[in-house]
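Participant: Just one file: data.txt, with compact mmCIF, C-alpha atoms.
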```
# COMPACT_ATOMS: atom_id res chain seq x y z
CA MET L 21 -3.67 -24.74 2.54
CA PRO L 22 -7.41 -23.95 2.74
CA PRO L 23 -8.37 -20.64 4.36
CA PRO L 24 -8.96 -20.91 8.13
CA LEU L 25 -12.47 -19.47 7.79
CA VAL L 26 -15.20 -20.07 5.21
CA TYR L 27 -18.69 -18.68 4.81
CA SER L 28 -21.47 -21.00 5.97
CA GLU L 29 -24.78 -20.72 4.17
CA LEU L 30 -26.37 -22.65 7.03
CA LEU L 31 -25.36 -20.16 9.73
CA GLY L 32 -25.06 -17.08 7.57
CA HIS L 33 -21.57 -16.12 8.71
CA LEU L 34 -17.95 -17.25 8.73
CA VAL L 35 -17.06 -20.53 10.42
CA ARG L 36 -13.85 -22.45 10.89
CA SER L 37 -12.99 -24.63 7.93
CA GLU L 38 -11.28 -27.63 9.56
CA PRO L 39 -12.80 -31.12 9.39
CA TRP L 40 -15.26 -31.64 12.22
CA LEU L 41 -12.98 -33.99 14.13
CA ASP L 42 -10.41 -31.19 14.31
CA GLN L 43 -12.82 -28.53 15.54
CA GLY L 44 -12.32 -29.24 19.24
CA ARG L 45 -9.08 -27.26 19.44
CA SER L 46 -9.89 -23.74 20.58
CA SER L 47 -9.62 -20.70 18.33
CA TYR L 48 -7.22 -19.15 20.83
CA ALA L 49 -4.96 -22.19 20.51
CA ARG L 50 -5.24 -22.13 16.73
CA ALA L 51 -4.23 -18.46 16.74
CA GLY L 52 -1.26 -19.32 18.96
CA ASP L 53 -0.21 -22.09 16.58
CA ALA L 54 -0.26 -19.63 13.70
CA LEU L 55 1.75 -17.07 15.64
CA SER L 56 4.39 -19.72 16.34
CA SER L 57 4.88 -20.19 12.62
CA SER L 58 4.67 -16.43 11.88
CA ASP L 59 1.47 -16.92 9.90
CA PHE L 60 0.01 -13.62 11.03
CA GLU L 61 -2.92 -13.56 8.62
CA THR L 62 -4.19 -16.91 9.90
CA ALA L 63 -3.55 -15.92 13.51
CA GLU L 64 -5.59 -12.76 13.06
CA ALA L 65 -8.46 -14.71 11.50
CA TYR L 66 -8.62 -17.14 14.42
CA GLY L 67 -8.31 -14.36 16.97
CA ARG L 68 -11.09 -12.33 15.42
CA ILE L 69 -13.46 -15.31 15.16
CA THR L 70 -13.44 -15.57 18.97
CA VAL L 71 -15.67 -12.48 19.10
CA GLN L 72 -18.27 -14.14 16.89
CA GLU L 73 -18.03 -17.30 19.00
CA ALA L 74 -18.67 -15.32 22.19
CA GLN L 75 -21.49 -13.19 20.75
CA GLU L 76 -24.35 -15.55 21.62
CA ALA L 77 -23.21 -15.91 25.23
CA TYR L 78 -22.99 -12.14 25.59
CA ASP L 79 -26.42 -11.61 24.01
CA LEU L 80 -28.11 -14.25 26.18
CA PHE L 81 -26.54 -13.13 29.45
CA ALA L 82 -27.33 -9.49 28.72
CA ALA L 83 -30.99 -10.37 28.13
CA TRP L 84 -31.35 -12.82 31.04
CA LEU L 85 -29.80 -10.46 33.58
CA ILE L 86 -32.64 -8.07 32.80
CA GLU L 87 -35.43 -10.59 32.30
CA ILE L 88 -34.92 -12.82 35.35
CA PRO L 89 -35.50 -10.08 37.96
CA ARG L 90 -38.51 -8.87 35.97
CA ILE L 91 -40.04 -12.36 35.84
CA LEU L 92 -39.41 -12.93 39.54
CA THR L 93 -41.21 -9.73 40.54
CA ALA L 94 -44.05 -10.51 38.11
CA ASN L 95 -44.50 -13.81 39.97
CA GLY L 96 -44.77 -12.24 43.40
CA VAL L 97 -41.23 -11.82 44.67
CA PRO L 98 -41.03 -8.32 46.23
CA PRO L 99 -38.79 -5.99 44.19
CA GLU L 100 -36.84 -5.06 47.31
CA ALA L 101 -36.08 -8.75 47.93
CA VAL L 102 -34.76 -9.11 44.37
CA ASP L 103 -32.64 -5.97 44.76
CA GLN L 104 -31.29 -7.19 48.08
CA ARG L 105 -30.31 -10.53 46.59
CA LEU L 106 -28.65 -8.88 43.60
CA GLY L 107 -26.64 -6.72 45.99
CA ALA L 108 -25.54 -9.76 47.97
CA ILE L 109 -24.51 -11.58 44.78
CA ALA L 110 -22.49 -8.58 43.59
CA ALA L 111 -20.80 -8.24 46.97
CA GLU L 112 -19.66 -11.85 46.89
CA ILE L 113 -18.70 -12.57 43.30
CA GLY L 114 -18.14 -9.02 42.07
CA GLU L 115 -20.61 -6.82 40.29
CA HIS L 116 -20.98 -7.89 36.72
CA GLN L 117 -20.10 -5.24 34.17
CA LEU L 118 -21.03 -7.24 31.12
CA ASP L 119 -21.46 -4.43 28.63
CA ALA L 120 -18.24 -2.66 29.61
CA GLY L 121 -16.41 -5.98 29.73
CA TRP L 122 -17.64 -6.89 26.27
CA ARG L 123 -16.36 -3.61 24.87
CA ALA L 124 -13.01 -4.09 26.60
CA TYR L 125 -12.67 -7.63 25.26
CA ARG L 126 -13.44 -6.53 21.71
CA GLY L 127 -10.93 -3.71 22.03
CA LEU L 128 -8.24 -6.16 23.12
CA VAL L 129 -8.99 -8.39 20.13
CA ASP L 130 -8.53 -5.32 17.92
CA ASP L 131 -5.19 -4.70 19.65
CA PHE L 132 -4.21 -8.30 18.96
CA ALA L 133 -5.14 -7.88 15.29
CA GLU L 134 -3.06 -4.71 15.07
CA ALA L 135 -0.07 -6.57 16.49
CA CYS L 136 -0.57 -9.31 13.89
CA GLN L 137 -0.67 -6.70 11.15
CA GLY L 138 2.62 -5.39 12.52
CA SER L 139 4.12 -8.92 12.50
CA ASP L 140 4.83 -8.68 16.24
CA SER L 141 4.22 -12.23 17.47
CA GLY L 142 5.25 -11.51 21.07
CA LEU L 143 2.88 -8.58 21.49
CA ALA L 144 0.12 -10.40 19.63
CA ALA L 145 0.35 -13.37 22.01
CA VAL L 146 0.16 -11.08 25.04
CA GLN L 147 -2.84 -9.20 23.67
CA LEU L 148 -4.66 -12.40 22.75
CA GLU L 149 -4.31 -13.77 26.27
CA ARG L 150 -5.41 -10.44 27.70
CA ALA L 151 -8.51 -10.63 25.51
CA ARG L 152 -9.30 -14.21 26.55
CA SER L 153 -8.81 -13.39 30.24
CA ALA L 154 -11.01 -10.31 29.99
CA TRP L 155 -13.83 -12.28 28.38
CA GLN L 156 -13.49 -15.06 30.96
CA LEU L 157 -13.76 -12.59 33.83
CA HIS L 158 -16.89 -10.89 32.54
CA HIS L 159 -18.45 -14.06 31.16
CA ASP L 160 -18.03 -15.85 34.49
CA ARG L 161 -19.38 -13.00 36.59
CA ALA L 162 -22.45 -12.75 34.40
CA CYS L 163 -22.92 -16.52 34.38
CA ASP L 164 -22.50 -16.79 38.14
CA THR L 165 -25.05 -14.02 38.63
CA VAL L 166 -27.55 -15.87 36.44
CA CYS L 167 -26.89 -19.11 38.36
CA ALA L 168 -27.34 -17.36 41.70
CA LEU L 169 -30.62 -15.84 40.49
CA PHE L 170 -31.88 -19.30 39.60
CA ASP L 171 -30.97 -20.48 43.08
CA PHE L 172 -32.91 -17.51 44.45
CA ALA L 173 -35.88 -18.37 42.22
CA ALA L 174 -35.91 -21.97 43.48
CA THR L 175 -35.64 -20.80 47.09
CA THR L 176 -38.40 -18.19 46.90
CA LEU L 177 -40.85 -19.73 44.42
CA GLY L 178 -40.02 -23.42 44.66
CA GLU L 179 -37.79 -25.67 42.61
CA GLU L 180 -40.59 -26.48 40.16
CA PHE L 181 -40.65 -22.83 39.12
CA VAL L 182 -37.20 -23.23 37.53
CA GLY L 183 -38.73 -25.03 34.56
CA THR L 184 -41.34 -22.30 34.19
CA LEU L 185 -38.66 -19.63 34.37
CA TRP L 186 -36.64 -21.24 31.62
CA ASP L 187 -39.75 -21.55 29.46
CA SER L 188 -40.28 -17.79 29.82
CA LEU L 189 -36.67 -16.98 28.95
CA LEU L 190 -36.37 -19.44 26.04
CA ALA L 191 -39.80 -19.15 24.38
CA GLY L 192 -38.46 -17.32 21.34
CA MET L 193 -35.60 -19.79 20.93
CA TYR L 194 -38.02 -22.73 21.09
CA GLU L 195 -39.98 -21.38 18.15
CA ARG L 196 -36.93 -20.38 16.10
CA SER L 197 -35.34 -23.81 16.51
CA ALA L 198 -38.57 -25.55 15.56
CA SER L 199 -38.77 -23.45 12.39
CA VAL L 200 -35.11 -23.84 11.42
CA TYR L 201 -34.92 -27.59 12.02
CA ASP L 202 -38.34 -28.57 10.69
CA PRO L 203 -37.57 -31.36 8.19
CA ASP L 204 -39.85 -29.60 5.72
CA ASN L 205 -37.53 -26.57 5.86
CA LEU L 206 -34.12 -28.23 6.12
CA PRO L 207 -33.05 -31.77 5.18
CA TRP L 208 -31.77 -33.65 8.21
CA ASP L 209 -28.25 -34.13 6.86
CA GLN L 210 -27.98 -30.33 6.68
CA SER L 211 -29.54 -30.01 10.14
CA VAL L 212 -26.76 -32.23 11.50
CA GLN L 213 -24.17 -29.92 9.96
CA ARG L 214 -25.88 -26.85 11.37
CA LEU L 215 -26.29 -28.38 14.82
CA LEU L 216 -22.61 -29.27 14.92
CA LEU L 217 -21.30 -25.95 13.64
CA ASP L 218 -23.56 -24.07 16.04
CA ILE L 219 -22.48 -26.01 19.13
CA PHE L 220 -18.81 -25.80 18.15
CA GLU L 221 -19.14 -22.04 18.07
CA ALA L 222 -21.16 -21.68 21.27
CA THR L 223 -18.89 -24.02 23.22
CA ARG L 224 -15.84 -21.99 22.29
CA GLY L 225 -17.65 -18.79 23.19
CA HIS L 226 -18.41 -20.08 26.68
CA LEU L 227 -14.73 -20.97 27.13
CA ALA L 228 -15.20 -24.66 27.78
CA GLY L 229 -12.35 -26.93 28.79
CA ALA L 230 -9.91 -27.21 31.64
CA ASP L 231 -7.82 -24.32 30.29
CA ARG L 232 -10.93 -22.16 29.75
CA ASP L 233 -10.00 -21.47 26.15
CA GLY L 234 -13.00 -23.05 24.42
CA SER L 235 -11.69 -26.55 23.82
CA PHE L 236 -13.78 -29.74 23.72
CA ALA L 237 -13.61 -33.35 22.55
CA ILE L 238 -15.47 -34.64 19.51
CA SER L 239 -15.79 -38.14 18.09
CA GLU L 240 -17.83 -39.88 15.43
CA GLU L 241 -19.77 -43.10 15.98
CA ASP L 242 -21.78 -45.11 13.48
CA ASP L 243 -25.06 -43.43 14.40
CA ARG L 244 -24.05 -40.08 15.90
CA TRP L 245 -21.54 -37.36 16.61
CA VAL L 246 -20.49 -37.01 20.25
CA ILE L 247 -19.22 -33.79 21.83
CA THR L 248 -17.83 -33.78 25.36
CA PHE L 249 -17.13 -30.72 27.49
CA ALA L 250 -14.73 -31.08 30.41
CA PRO L 251 -16.14 -28.95 31.80
CA CYS L 252 -18.71 -26.88 29.96
CA GLY L 253 -17.64 -23.27 30.40
CA SER L 254 -20.99 -22.06 31.74
CA GLY L 255 -23.15 -24.45 33.76
CA GLY L 256 -20.52 -27.19 33.98
CA ARG L 257 -17.96 -25.03 35.74
CA THR L 258 -20.45 -24.19 38.51
CA TYR L 259 -19.99 -27.69 39.92
CA GLU L 260 -16.39 -26.76 40.65
CA SER L 261 -17.14 -23.34 42.18
CA SER L 262 -17.58 -24.77 45.65
CA SER L 263 -18.05 -28.08 47.41
CA ALA L 264 -20.50 -29.49 49.89
CA ALA L 265 -17.71 -29.63 52.43
CA GLU L 266 -17.22 -25.87 52.18
CA LEU L 267 -20.83 -24.69 52.08
CA SER L 268 -23.85 -26.05 53.89
CA ALA L 269 -26.98 -26.90 51.95
CA ASP L 270 -28.86 -23.91 53.34
CA SER L 271 -26.05 -21.46 52.60
CA GLU L 272 -27.02 -18.21 50.92
CA SER L 273 -23.68 -18.03 49.15
CA ALA L 274 -23.82 -17.07 45.49
CA ARG L 275 -21.14 -19.70 44.92
CA ARG L 276 -23.16 -22.58 46.33
CA PRO L 277 -23.89 -25.05 43.54
CA SER L 278 -27.60 -24.69 42.74
CA VAL L 279 -28.83 -28.14 41.76
CA THR L 280 -32.08 -30.03 41.51
CA THR L 281 -33.09 -31.87 44.67
CA GLY L 282 -36.05 -33.68 43.10
CA GLU L 283 -36.93 -35.33 39.81
CA HIS L 284 -38.29 -33.09 37.07
CA ASP L 285 -39.02 -33.65 33.40
CA TRP L 286 -37.16 -30.42 32.65
CA ALA L 287 -34.01 -31.75 34.34
CA TRP L 288 -33.80 -35.28 32.90
CA ASN L 289 -35.62 -36.48 36.05
CA THR L 290 -32.22 -36.50 37.71
CA PRO L 291 -31.39 -34.98 41.11
CA GLY L 292 -28.14 -33.05 41.39
CA VAL L 293 -28.27 -31.26 38.02
CA CYS L 294 -27.20 -27.61 37.97
CA LEU L 295 -30.26 -25.36 37.65
CA TYR L 296 -28.51 -23.45 34.88
CA CYS L 297 -27.74 -26.65 32.96
CA THR L 298 -31.42 -27.57 32.89
CA HIS L 299 -32.09 -25.06 30.12
CA CYS L 300 -30.28 -27.46 27.78
CA CYS L 301 -32.83 -30.14 28.66
CA GLN L 302 -35.62 -27.73 27.74
CA LEU L 303 -34.04 -26.28 24.62
CA GLN L 304 -32.37 -29.36 23.14
CA GLN L 305 -34.77 -32.16 24.09
CA ARG L 306 -38.16 -31.22 25.52
CA ALA L 307 -39.08 -28.30 23.28
CA PRO L 308 -38.00 -30.03 20.02
CA ILE L 309 -39.78 -33.27 20.98
CA LYS L 310 -42.97 -31.30 21.61
CA ARG L 311 -42.72 -29.30 18.38
CA LEU L 312 -40.88 -31.61 15.97
CA GLY L 313 -41.40 -35.04 17.46
CA PHE L 314 -37.70 -35.69 18.21
CA PRO L 315 -34.83 -34.06 20.14
CA LEU L 316 -32.21 -32.01 18.37
CA ARG L 317 -29.37 -32.99 20.67
CA VAL L 318 -29.38 -35.66 23.39
CA ILE L 319 -27.54 -34.69 26.55
CA ASP L 320 -25.99 -36.66 29.39
CA PRO L 321 -25.41 -33.88 31.97
CA PRO L 322 -22.98 -33.83 34.86
CA THR L 323 -24.37 -34.13 38.37
CA GLN L 324 -23.25 -32.85 41.72
CA GLY L 325 -20.59 -35.01 43.34
CA GLN L 326 -18.78 -36.11 40.21
CA SER L 327 -15.04 -35.77 40.58
CA LYS L 328 -14.82 -34.32 37.08
CA PRO L 329 -17.94 -32.69 35.62
CA LEU L 330 -18.34 -34.08 32.10
CA CYS L 331 -21.23 -33.14 29.85
CA THR L 332 -21.84 -35.23 26.74
CA TRP L 333 -23.98 -34.21 23.75
CA SER L 334 -25.03 -36.57 20.97
CA ILE L 335 -26.30 -35.49 17.57
CA TYR L 336 -27.85 -38.43 15.77
CA LYS L 337 -27.34 -38.84 12.04
CA ASP L 338 -30.91 -40.13 11.77
CA PRO L 339 -33.50 -38.86 14.27
CA ALA L 340 -35.24 -42.24 14.02
CA LYS L 341 -32.16 -43.75 15.73
CA VAL L 342 -32.48 -41.61 18.87
CA PRO L 343 -32.85 -44.07 21.79
CA ASP L 344 -36.10 -44.34 23.73
CA ASP L 345 -34.59 -43.04 26.98
CA ALA L 346 -33.89 -39.70 25.32
CA TYR L 347 -37.68 -39.30 25.38
CA THR L 348 -38.63 -41.04 28.61
CA LYS L 349 -36.00 -39.24 30.73
CA VAL L 350 -37.62 -35.91 29.85
CA GLY L 351 -41.25 -36.94 30.27
CA PHE L 352 -42.30 -38.11 26.79
CA ASP L 353 -43.35 -41.43 25.37
CA PRO L 354 -40.91 -42.66 22.72
CA PRO L 355 -42.19 -42.74 19.14
CA ARG L 356 -43.52 -45.93 17.68
CA ARG L 357 -40.72 -47.73 15.84
CA ASP L 358 -41.03 -49.42 12.49
CA PRO L 359 -40.60 -53.12 13.39
CA ARG L 360 -38.73 -53.71 10.15
```
Before we go any further, please render this structure as structure tokens.

Facilitator:
Amino acid sequence: MPPPLVYSELLGHLVRSEPWLDQGRSSYARAGDALSSSDFETAEAYGRITVQEAQEAYDLFAAWLIEIPRILTANGVPPEAVDQRLGAIAAEIGEHQLDAGWRAYRGLVDDFAEACQGSDSGLAAVQLERARSAWQLHHDRACDTVCALFDFAATTLGEEFVGTLWDSLLAGMYERSASVYDPDNLPWDQSVQRLLLDIFEATRGHLAGADRDGSFAISEEDDRWVITFAPCGSGGRTYESSSAAELSADSESARRPSVTTGEHDWAWNTPGVCLYCTHCCQLQQRAPIKRLGFPLRVIDPPTQGQSKPLCTWSIYKDPAKVPDDAYTKVGFDPPRRDPR
């Protein structure tokens, strides 16, 4: 049997070694499978990789929770109004304790690993679930706080400001992605591998899937790879946090779904898209088109009112095969096609 983890030169760290079509099963589930067969070394490897998978989400939330209030005040929102809104959010959804929660989660993963080293499958399973639950709690509180701050930004500075806010928060990521995926720096077949491995990892870290364990669906088509989140563990789950029947449109609730009401290039020109989800439009389509001439990933986002919020990402094997509407939906003219 191949080792569960291998070093990836593309990402510069360990990644799961299964074929891509098998990568949709969560690392928590893989660890559980290994515990069931008393393969404690493999179980420990899968349990420990969950920390790496969650790292990006932790890093981004930690930065955004600081940066969003700063940007709002820099754009004219009174500091006392920002503080008041933050207090109201904390009172409703619970005050986020992201740093402390991250330390607790990592400690529980260490406890799980110790149980594996002691060949105690029962204790290891308990500790692994405790770790997953701890990360879900602190991940979701941080995510909900970010979502509520975007709702506050749209309310105080106008919905159009949401695109500007994301540009401020993601500027560094725009430039890094453009450098990494420039065809002069990385052949496209390797970019496809990197794009897939990266989204596998991030999706697990955000605890996608109905069981909130980081699961997703993946399939291969002739021209692309397709990844579906049901739901995405960050923006996608906000569609399920409340319903229009429960909260009026002018509600100040932190749990009110914050969605676009108009058409914007930075939101696929589609009303009803979660304001948090729109950063994927900026980061995966608009910024790469502007800098590289093509999108990195093409996204069909969920919208408010769907009975089951599905988000679908496509990574094309040849960027020349990306359809025209991947450009036009985000405000760009499609490239000229070779008529041959």

Participant: Using only C-alpha atoms, which residues sit within 10 Å of Leu185 of chain L once same-chain residues fewer than 6 positions away are excluded, as a count of residues only?

Facilitator: 9

Participant: In Å to one decimal, how far is atom CA of Ile219 of chain L from atom CA of Phe132 of chain L?

Facilitator: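 So the two atoms, atom CA of Phe132 of chain L and atom CA of Ile219 of chain L, lie 25.4 Å apart.
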
Participant: Considering all atoms listed in the file, state which residue in the set L:Ile109, L:Ala120, L:Pro343, L:Pro24 is at the smallest distance from Ala54 of chain L.

Facilitator: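 Closest to Ala54 of chain L, using all atoms listed in the file: L:Pro24.
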
Participant: Could you pull the residues within 9 Å of segment 302-318 of chain L, counting all atoms listed in the file, minus those fewer than 5 positions along the same chain, as a ChimeraX atom specification?

Facilitator: /L:183,186-187,190,193-195,197-198,201-203,211-212,215,285-287,332-336,339-340,342,346-347,350-352,354-355

Participant: What does the file look like for those residues with C-alpha atoms, as a PDB file, in the coordinates of the input?

Facilitator:
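Dumped to out.pdb:
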```
ATOM      1  CA  GLY L 183     -38.730 -25.030  34.560  1.00  0.00           C
ATOM      2  CA  TRP L 186     -36.640 -21.240  31.620  1.00  0.00           C
ATOM      3  CA  ASP L 187     -39.750 -21.550  29.460  1.00  0.00           C
ATOM      4  CA  LEU L 190     -36.370 -19.440  26.040  1.00  0.00           C
ATOM      5  CA  MET L 193     -35.600 -19.790  20.930  1.00  0.00           C
ATOM      6  CA  TYR L 194     -38.020 -22.730  21.090  1.00  0.00           C
ATOM      7  CA  GLU L 195     -39.980 -21.380  18.150  1.00  0.00           C
ATOM      8  CA  SER L 197     -35.340 -23.810  16.510  1.00  0.00           C
ATOM      9  CA  ALA L 198     -38.570 -25.550  15.560  1.00  0.00           C
ATOM     10  CA  TYR L 201     -34.920 -27.590  12.020  1.00  0.00           C
ATOM     11  CA  ASP L 202     -38.340 -28.570  10.690  1.00  0.00           C
ATOM     12  CA  PRO L 203     -37.570 -31.360   8.190  1.00  0.00           C
ATOM     13  CA  SER L 211     -29.540 -30.010  10.140  1.00  0.00           C
ATOM     14  CA  VAL L 212     -26.760 -32.230  11.500  1.00  0.00           C
ATOM     15  CA  LEU L 215     -26.290 -28.380  14.820  1.00  0.00           C
ATOM     16  CA  ASP L 285     -39.020 -33.650  33.400  1.00  0.00           C
ATOM     17  CA  TRP L 286     -37.160 -30.420  32.650  1.00  0.00           C
ATOM     18  CA  ALA L 287     -34.010 -31.750  34.340  1.00  0.00           C
ATOM     19  CA  THR L 332     -21.840 -35.230  26.740  1.00  0.00           C
ATOM     20  CA  TRP L 333     -23.980 -34.210  23.750  1.00  0.00           C
ATOM     21  CA  SER L 334     -25.030 -36.570  20.970  1.00  0.00           C
ATOM     22  CA  ILE L 335     -26.300 -35.490  17.570  1.00  0.00           C
ATOM     23  CA  TYR L 336     -27.850 -38.430  15.770  1.00  0.00           C
ATOM     24  CA  PRO L 339     -33.500 -38.860  14.270  1.00  0.00           C
ATOM     25  CA  ALA L 340     -35.240 -42.240  14.020  1.00  0.00           C
ATOM     26  CA  VAL L 342     -32.480 -41.610  18.870  1.00  0.00           C
ATOM     27  CA  ALA L 346     -33.890 -39.700  25.320  1.00  0.00           C
ATOM     28  CA  TYR L 347     -37.680 -39.300  25.380  1.00  0.00           C
ATOM     29  CA  VAL L 350     -37.620 -35.910  29.850  1.00  0.00           C
ATOM     30  CA  GLY L 351     -41.250 -36.940  30.270  1.00  0.00           C
ATOM     31  CA  PHE L 352     -42.300 -38.110  26.790  1.00  0.00           C
ATOM     32  CA  PRO L 354     -40.910 -42.660  22.720  1.00  0.00           C
ATOM     33  CA  PRO L 355     -42.190 -42.740  19.140  1.00  0.00           C
TER      34      PRO L 355
END
```

Participant: Which value, in Å to one decimal, gives the distance between atom CA of Glu64 of chain L and atom CA of Leu34 of chain L?

Facilitator: 13.8 Å

Participant: Which residue, L:Leu25, L:Ala228, L:Leu106, L:Tyr48, has the smallest gap to Gln147 of chain L when you use only C-alpha atoms?

Facilitator: L:Tyr48

Participant: Could you list, as an mmCIF file with C-alpha atoms, in the coordinates of the input, every residue within 7 Å of Ala237 of chain L, counting all atoms listed in the file and ignoring same-chain residues fewer than 5 positions away?

Facilitator:
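Done, and the output landed in around38.cif:
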```cif
data_model
loop_
_atom_site.group_PDB
_atom_site.id
_atom_site.type_symbol
_atom_site.label_atom_id
_atom_site.label_comp_id
_atom_site.auth_asym_id
_atom_site.auth_seq_id
_atom_site.Cartn_x
_atom_site.Cartn_y
_atom_site.Cartn_z
ATOM 1 C CA GLY L 44 -12.320 -29.240 19.240
ATOM 2 C CA ILE L 247 -19.220 -33.790 21.830
ATOM 3 C CA THR L 248 -17.830 -33.780 25.360
ATOM 4 C CA PHE L 249 -17.130 -30.720 27.490
#
```

Participant: Which polymer residues have any atom within 9 Å of an atom of Trp288 of chain L, counting only C-alpha atoms, with same-chain residues fewer than 6 positions away left out, as a list in words?

Facilitator: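 The filter keeps Thr298, Cys301, Ile319, Asp320, Pro321, Ala346, Thr348, Lys349, Val350 and Gly351 of chain L.
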
Participant: Rounded to one decimal place, report the atom CA of Arg161 of chain L-atom CA of Glu115 of chain L distance in Å.

Facilitator: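 Computing the Euclidean distance for atom CA of Arg161 of chain L and atom CA of Glu115 of chain L yields 7.3 Å.
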
Participant: Write out as a ChimeraX atom specification which residues come within 12 Å of Asp140 of chain L when counting all atoms listed in the file, dropping same-chain ones fewer than 2 positions away.

Facilitator: /L:55-56,58-61,63-64,131-138,142-147

Participant: Choose the residue, out of L:Ala74, L:Val129, L:Leu217, L:Leu189, that has the smallest atom-to-atom separation from Val26 of chain L; count only C-alpha atoms.

Facilitator: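 Answer, going by the shortest atom-to-atom distance: L:Leu217.
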
Participant: Rank L:Val35, L:Met21, L:Val279, L:Val166 by their smallest atom-to-atom distance to Glu180 of chain L, using all atoms listed in the file, and report the top residue only.

Facilitator: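 Among the listed residues, the smallest separation from Glu180 of chain L belongs to L:Val279.
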
Participant: Because the input lacks atoms here, generate N, CA and C atoms for segment 325-339 of chain L and report them as a PDB file, in the coordinates of the input.

Facilitator:
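The result, written out as rebuild_14.pdb:
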```pdb
ATOM      1  N   GLY L 325     -21.321 -33.928  42.694  1.00  0.00           N
ATOM      2  CA  GLY L 325     -20.590 -35.010  43.340  1.00  0.00           C
ATOM      3  C   GLY L 325     -19.625 -35.725  42.421  1.00  0.00           C
ATOM      4  N   GLN L 326     -19.752 -35.503  41.106  1.00  0.00           N
ATOM      5  CA  GLN L 326     -18.780 -36.110  40.210  1.00  0.00           C
ATOM      6  C   GLN L 326     -17.416 -35.471  40.431  1.00  0.00           C
ATOM      7  N   SER L 327     -16.377 -36.301  40.372  1.00  0.00           N
ATOM      8  CA  SER L 327     -15.040 -35.770  40.580  1.00  0.00           C
ATOM      9  C   SER L 327     -14.602 -34.874  39.434  1.00  0.00           C
ATOM     10  N   LYS L 328     -15.107 -35.154  38.247  1.00  0.00           N
ATOM     11  CA  LYS L 328     -14.820 -34.320  37.080  1.00  0.00           C
ATOM     12  C   LYS L 328     -16.111 -34.137  36.304  1.00  0.00           C
ATOM     13  N   PRO L 329     -16.635 -32.905  36.259  1.00  0.00           N
ATOM     14  CA  PRO L 329     -17.940 -32.690  35.620  1.00  0.00           C
ATOM     15  C   PRO L 329     -17.876 -32.758  34.102  1.00  0.00           C
ATOM     16  N   LEU L 330     -18.326 -33.874  33.547  1.00  0.00           N
ATOM     17  CA  LEU L 330     -18.340 -34.080  32.100  1.00  0.00           C
ATOM     18  C   LEU L 330     -19.765 -33.956  31.585  1.00  0.00           C
ATOM     19  N   CYS L 331     -19.939 -33.228  30.506  1.00  0.00           N
ATOM     20  CA  CYS L 331     -21.230 -33.140  29.850  1.00  0.00           C
ATOM     21  C   CYS L 331     -21.064 -33.671  28.436  1.00  0.00           C
ATOM     22  N   THR L 332     -21.958 -34.575  28.041  1.00  0.00           N
ATOM     23  CA  THR L 332     -21.840 -35.230  26.740  1.00  0.00           C
ATOM     24  C   THR L 332     -23.098 -34.976  25.915  1.00  0.00           C
ATOM     25  N   TRP L 333     -22.881 -34.497  24.679  1.00  0.00           N
ATOM     26  CA  TRP L 333     -23.980 -34.210  23.750  1.00  0.00           C
ATOM     27  C   TRP L 333     -23.864 -35.151  22.560  1.00  0.00           C
ATOM     28  N   SER L 334     -24.986 -35.710  22.151  1.00  0.00           N
ATOM     29  CA  SER L 334     -25.030 -36.570  20.970  1.00  0.00           C
ATOM     30  C   SER L 334     -25.969 -35.984  19.934  1.00  0.00           C
ATOM     31  N   ILE L 335     -25.486 -35.925  18.700  1.00  0.00           N
ATOM     32  CA  ILE L 335     -26.300 -35.490  17.570  1.00  0.00           C
ATOM     33  C   ILE L 335     -26.423 -36.677  16.635  1.00  0.00           C
ATOM     34  N   TYR L 336     -27.635 -37.201  16.521  1.00  0.00           N
ATOM     35  CA  TYR L 336     -27.850 -38.430  15.770  1.00  0.00           C
ATOM     36  C   TYR L 336     -27.960 -38.148  14.276  1.00  0.00           C
ATOM     37  N   LYS L 337     -27.336 -39.005  13.484  1.00  0.00           N
ATOM     38  CA  LYS L 337     -27.340 -38.840  12.040  1.00  0.00           C
ATOM     39  C   LYS L 337     -28.711 -39.108  11.438  1.00  0.00           C
ATOM     40  N   ASP L 338     -29.529 -39.853  12.168  1.00  0.00           N
ATOM     41  CA  ASP L 338     -30.910 -40.130  11.770  1.00  0.00           C
ATOM     42  C   ASP L 338     -31.758 -39.983  13.021  1.00  0.00           C
ATOM     43  N   PRO L 339     -32.702 -39.032  13.055  1.00  0.00           N
ATOM     44  CA  PRO L 339     -33.500 -38.860  14.270  1.00  0.00           C
ATOM     45  C   PRO L 339     -34.292 -40.103  14.661  1.00  0.00           C
TER      46      PRO L 339
END
```
